[in-house]
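Quick notes on the structure that follows.
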Amino acid sequence: MFKIRNMFNIDFKNIRPINGSLNDGFEEFVCQLARKEEIPCTKKFVRNGKPDGGLECYCSLEDGSIVAWQAKFFCKAFEDSQYQQIDKSVEEALNSHPQLKRYIIAVPIDPPDAHVAGRMSMKMRIDGYVEKWLKKNPHVVFDFWWASDLIERLQQQNNKGMLRFWFGKHEFTDADLTNITTSYNS
């Protein structure tokens with residue numbers, strides 16, 4: 001019997017758009033992953049609309065603190081304006097949410113970290129920004145969910161439906177092929 005393998009090409013540039021926007025699609029994708037994240041002592045999950053105050057979504061915890069996510073749909077090494085956008089979101093979140101405990105920035109690439117004389121790698125620049133943010137609030141843990149982290153989360157059994165929804169295209173099953181053959185032969 002003929003069987004099609006369920007393999008998905010995870011290319012974030014081909015994520016399912018929401019409202020015709022890949023950016024909105026990526027933001028919603030990150031929020032859905034965040035909603036499924038197992039965070040101890042979570043009281044409730046909140047998805048923000050726009051403007052979002054530097055937080056796409058957050059979990060409020062029993063102690064009153066929050067864990068928050070920000071999604072940035074940047075698919076190649078950052079330009080200066082993209083570092084500035086991330087910095088602005090972090091500053092806005094720090095100023096607006098004093099109860100912030102952890103801040104996760106999701107980006108669909110992995111940061112280059114080549115050590116080229118006289119040049120700062122993307123990883124080194126990000127580390128510099130994290131140091132700056134920690135000076136403003138040393139009580140917040142700043143994390144990034146890079147492409148590799150996002151893919152790892154998608155591989156988890158409980159996220160299979162997400163993989164299909166966000167990156168799947170129609171697949172022909174045995175039943176589909178039988179129906180096509182029957183229709184053709186009628």
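Identifiers in the structure tokens: chain A, B, ... in order shown; residue index from 1 per chain; ligand index from 1 in order shown.
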key: Who sits within 9 Å of stretch 95-109 of chain A, only C-alpha atoms, same chain under 4 positions skipped, as a PyMOL selection string   = chain A and resi 11-13+26-27+30+53-55+64-77+86+90-91+139-150
Would you put the residues from that selection into a file with N, CA, C and O atoms, as a short mmCIF file (atom, residue, chain, number, x, y, z; two decimals), in the first residue's frame?
```
data_model
loop_
_atom_site.label_atom_id
_atom_site.label_comp_id
_atom_site.auth_asym_id
_atom_site.auth_seq_id
_atom_site.Cartn_x
_atom_site.Cartn_y
_atom_site.Cartn_z
N ASP A 11 10.64 26.18 7.46
CA ASP A 11 11.25 27.40 6.93
C ASP A 11 10.39 28.54 7.45
O ASP A 11 9.25 28.71 7.02
N PHE A 12 10.94 29.29 8.38
CA PHE A 12 10.14 30.33 9.03
C PHE A 12 9.64 31.39 8.06
O PHE A 12 8.66 32.06 8.32
N LYS A 13 10.30 31.53 6.92
CA LYS A 13 9.82 32.48 5.91
C LYS A 13 8.55 31.98 5.24
O LYS A 13 7.88 32.74 4.55
N PHE A 26 4.08 34.74 12.79
CA PHE A 26 5.17 34.35 13.67
C PHE A 26 4.86 34.73 15.12
O PHE A 26 5.12 33.95 16.04
N GLU A 27 4.29 35.91 15.33
CA GLU A 27 3.92 36.33 16.69
C GLU A 27 2.93 35.34 17.30
O GLU A 27 3.08 34.94 18.46
N VAL A 30 4.64 32.00 18.17
CA VAL A 30 5.42 32.10 19.41
C VAL A 30 4.49 32.09 20.62
O VAL A 30 4.76 31.41 21.62
N GLY A 53 3.07 46.77 24.27
CA GLY A 53 3.86 47.20 25.42
C GLY A 53 5.14 46.40 25.60
O GLY A 53 5.66 46.28 26.70
N GLY A 54 5.65 45.83 24.49
CA GLY A 54 6.88 45.05 24.57
C GLY A 54 6.66 43.58 24.90
O GLY A 54 7.62 42.84 25.02
N LEU A 55 5.40 43.17 25.07
CA LEU A 55 5.09 41.78 25.40
C LEU A 55 4.02 41.25 24.45
O LEU A 55 2.91 41.76 24.44
N GLY A 64 2.95 36.87 41.77
CA GLY A 64 2.72 38.20 41.21
C GLY A 64 3.70 38.59 40.12
O GLY A 64 3.51 39.59 39.44
N SER A 65 4.75 37.80 39.93
CA SER A 65 5.71 38.10 38.87
C SER A 65 5.19 37.57 37.53
O SER A 65 4.20 36.83 37.49
N ILE A 66 5.85 37.98 36.45
CA ILE A 66 5.43 37.51 35.13
C ILE A 66 6.64 37.01 34.33
O ILE A 66 7.76 37.48 34.50
N VAL A 67 6.35 36.06 33.46
CA VAL A 67 7.29 35.58 32.44
C VAL A 67 6.68 36.02 31.12
O VAL A 67 5.51 35.73 30.85
N ALA A 68 7.47 36.73 30.30
CA ALA A 68 6.93 37.34 29.10
C ALA A 68 7.72 36.95 27.85
O ALA A 68 8.90 36.62 27.93
N TRP A 69 7.02 37.03 26.71
CA TRP A 69 7.62 36.73 25.41
C TRP A 69 7.43 37.90 24.47
O TRP A 69 6.40 38.57 24.46
N GLN A 70 8.45 38.11 23.66
CA GLN A 70 8.39 39.08 22.57
C GLN A 70 8.88 38.36 21.32
O GLN A 70 9.90 37.67 21.36
N ALA A 71 8.15 38.46 20.22
CA ALA A 71 8.53 37.82 18.96
C ALA A 71 9.03 38.88 17.99
O ALA A 71 8.43 39.94 17.86
N LYS A 72 10.13 38.58 17.34
CA LYS A 72 10.68 39.46 16.30
C LYS A 72 10.92 38.62 15.06
O LYS A 72 11.76 37.73 15.06
N PHE A 73 10.18 38.90 14.01
CA PHE A 73 10.27 38.13 12.78
C PHE A 73 11.40 38.67 11.91
O PHE A 73 11.18 39.31 10.88
N PHE A 74 12.62 38.41 12.35
CA PHE A 74 13.82 38.81 11.62
C PHE A 74 14.48 37.53 11.13
O PHE A 74 14.91 36.71 11.95
N CYS A 75 14.56 37.36 9.83
CA CYS A 75 15.01 36.08 9.25
C CYS A 75 16.45 36.07 8.76
O CYS A 75 16.87 35.14 8.09
N LYS A 76 17.20 37.09 9.09
CA LYS A 76 18.63 37.10 8.75
C LYS A 76 19.36 37.91 9.81
O LYS A 76 18.72 38.55 10.66
N ALA A 77 20.68 37.88 9.78
CA ALA A 77 21.47 38.60 10.78
C ALA A 77 20.97 40.04 10.90
O ALA A 77 20.62 40.67 9.91
N ILE A 86 14.51 45.62 19.00
CA ILE A 86 14.53 44.72 20.16
C ILE A 86 14.79 45.51 21.43
O ILE A 86 14.10 45.33 22.44
N VAL A 90 12.39 45.78 24.76
CA VAL A 90 12.86 45.42 26.11
C VAL A 90 12.70 46.61 27.05
O VAL A 90 12.19 46.46 28.17
N GLU A 91 13.12 47.78 26.62
CA GLU A 91 13.00 48.98 27.46
C GLU A 91 11.54 49.25 27.82
O GLU A 91 11.22 49.56 28.97
N HIS A 139 17.23 41.84 38.14
CA HIS A 139 16.36 40.76 38.63
C HIS A 139 15.64 40.02 37.50
O HIS A 139 14.94 39.05 37.75
N VAL A 140 15.80 40.51 36.27
CA VAL A 140 15.14 39.87 35.13
C VAL A 140 16.13 38.94 34.43
O VAL A 140 17.28 39.30 34.22
N VAL A 141 15.65 37.76 34.10
CA VAL A 141 16.44 36.81 33.30
C VAL A 141 16.04 37.05 31.84
O VAL A 141 14.86 37.01 31.50
N PHE A 142 17.02 37.33 31.00
CA PHE A 142 16.79 37.56 29.57
C PHE A 142 17.22 36.33 28.80
O PHE A 142 18.36 35.89 28.91
N ASP A 143 16.29 35.76 28.03
CA ASP A 143 16.56 34.58 27.23
C ASP A 143 16.16 34.85 25.79
O ASP A 143 15.30 35.70 25.52
N PHE A 144 16.74 34.09 24.90
CA PHE A 144 16.34 34.11 23.50
C PHE A 144 15.90 32.71 23.12
O PHE A 144 16.50 31.73 23.53
N TRP A 145 14.82 32.64 22.36
CA TRP A 145 14.45 31.41 21.68
C TRP A 145 14.86 31.62 20.24
O TRP A 145 14.20 32.35 19.49
N TRP A 146 15.98 31.03 19.85
CA TRP A 146 16.48 31.12 18.48
C TRP A 146 15.80 30.04 17.64
O TRP A 146 15.03 29.24 18.16
N ALA A 147 16.09 30.01 16.36
CA ALA A 147 15.47 29.04 15.45
C ALA A 147 15.63 27.61 15.98
O ALA A 147 14.68 26.83 16.00
N SER A 148 16.83 27.28 16.43
CA SER A 148 17.08 25.94 16.95
C SER A 148 16.18 25.62 18.15
O SER A 148 15.67 24.51 18.27
N ASP A 149 15.97 26.59 19.02
CA ASP A 149 15.10 26.39 20.19
C ASP A 149 13.65 26.21 19.76
O ASP A 149 12.92 25.39 20.33
N LEU A 150 13.22 26.99 18.78
CA LEU A 150 11.84 26.88 18.29
C LEU A 150 11.61 25.51 17.66
O LEU A 150 10.59 24.86 17.90
#
```
ask   = Which parts of stretch 2-104 of chain A does DSSP call helix (DSSP H, G or I) when run on the backbone here, written out as an NGL selection string?
value = :A and (12-14 or 22-36 or 80-96)
Closest-contact table, stretch 142-171 of chain A side, partner stretch 33-49 of chain A, 12 Å, counting only C-alpha atoms, as CSV:
```
residue,atom,partner,partner_atom,distance
A:Trp145,CA,A:Ala34,CA,10.5
A:Asp149,CA,A:Leu33,CA,10.9
A:Leu150,CA,A:Leu33,CA,8.4
A:Ile151,CA,A:Leu33,CA,10.7
A:Glu152,CA,A:Leu33,CA,11.1
A:Arg153,CA,A:Leu33,CA,7.6
A:Leu154,CA,A:Leu33,CA,8.2
A:Gln155,CA,A:Leu33,CA,11.6
A:Gln156,CA,A:Leu33,CA,10.7
A:Gln157,CA,A:Lys36,CA,11.8
A:Asn158,CA,A:Lys36,CA,8.6
A:Asn159,CA,A:Leu33,CA,8.1
A:Lys160,CA,A:Leu33,CA,11.5
A:Gly161,CA,A:Leu33,CA,11.5
A:Met162,CA,A:Leu33,CA,8.5
A:Leu163,CA,A:Leu33,CA,10.7
A:Trp166,CA,A:Leu33,CA,11.4
```
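For the set A:Glu28, A:Ser21, A:Ala93, A:Arg16, the residue with the smallest atom-to-atom gap to A:Asn137 is A:Ala93, counting only C-alpha atoms.
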Distance query A:Lys123 at most 12 Å, only C-alpha atoms, self and fewer than 5 positions along chain excluded, as a PyMOL selection string = chain A and resi 77-78+83+109-115+128-130+144+146
Next, the residues of the selection above should be written as a CSV table (one decimal), in the first residue's frame with N, CA and C atoms.
```csv
chain,number,residue,atom,x,y,z
A,77,ALA,N,20.7,37.9,9.8
A,77,ALA,CA,21.5,38.6,10.8
A,77,ALA,C,21.0,40.0,10.9
A,78,PHE,N,20.9,40.5,12.1
A,78,PHE,CA,20.3,41.8,12.4
A,78,PHE,C,21.0,43.0,11.8
A,83,TYR,N,18.3,45.6,15.9
A,83,TYR,CA,18.8,45.7,17.3
A,83,TYR,C,18.0,46.8,18.1
A,109,ILE,N,16.0,32.8,13.6
A,109,ILE,CA,17.3,32.5,13.1
A,109,ILE,C,18.2,32.1,14.3
A,110,ASP,N,19.4,31.6,14.0
A,110,ASP,CA,20.4,31.3,15.0
A,110,ASP,C,21.5,32.4,14.8
A,111,PRO,N,22.0,32.9,16.0
A,111,PRO,CA,22.9,34.1,15.9
A,111,PRO,C,24.3,33.6,15.4
A,112,PRO,N,24.8,34.2,14.3
A,112,PRO,CA,26.2,34.0,14.0
A,112,PRO,C,27.1,34.4,15.1
A,113,ASP,N,28.2,33.7,15.3
A,113,ASP,CA,29.2,34.0,16.3
A,113,ASP,C,30.6,33.8,15.8
A,114,ALA,N,30.8,34.2,14.5
A,114,ALA,CA,32.2,34.2,14.0
A,114,ALA,C,33.1,35.2,14.7
A,115,HIS,N,34.2,34.8,14.9
A,115,HIS,CA,35.2,35.7,15.6
A,115,HIS,C,36.1,36.2,14.5
A,128,GLY,N,26.0,42.1,24.5
A,128,GLY,CA,26.2,43.5,25.0
A,128,GLY,C,24.9,44.1,25.4
A,129,TYR,N,23.8,43.9,24.6
A,129,TYR,CA,22.5,44.4,25.0
A,129,TYR,C,22.0,43.8,26.2
A,130,VAL,N,22.2,42.5,26.4
A,130,VAL,CA,21.7,41.8,27.6
A,130,VAL,C,22.4,42.4,28.8
A,144,PHE,N,16.7,34.1,24.9
A,144,PHE,CA,16.3,34.1,23.5
A,144,PHE,C,15.9,32.7,23.1
A,146,TRP,N,16.0,31.0,19.8
A,146,TRP,CA,16.5,31.1,18.5
A,146,TRP,C,15.8,30.0,17.6
```
remark   = Students should find that atom CA of A:Asp52 and atom CA of A:Gly168 are spaced 28.5 Å
ask   = What is the atom CA of A:Ile10-atom CA of A:Phe167 distance in Å, reported with one decimal?
value =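 Interatomic distance, atom CA of A:Ile10 to atom CA of A:Phe167: 6.1 Å.
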task = Enumerate as a PyMOL selection string all residues of chain A assigned to strand (DSSP E or B) by DSSP on the backbone, naming them with the chain letters and numbers the document uses.
result = chain A and resi 18+21+42-47+57-61+66-71+100-106+141-145
Residue nearest A:Glu92 - candidates A:Trp133, A:Asn19, A:Val116, A:Leu61, atoms counted: only C-alpha atoms =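 Result for the nearest residue to A:Glu92: A:Trp133.
Summary of the local environment: counting only C-alpha atoms, residues at most 7 Å from A:Gly25, other than itself and those fewer than 5 positions away along its chain, are A:Ile15, A:Arg16, A:Pro17, A:Ile18.
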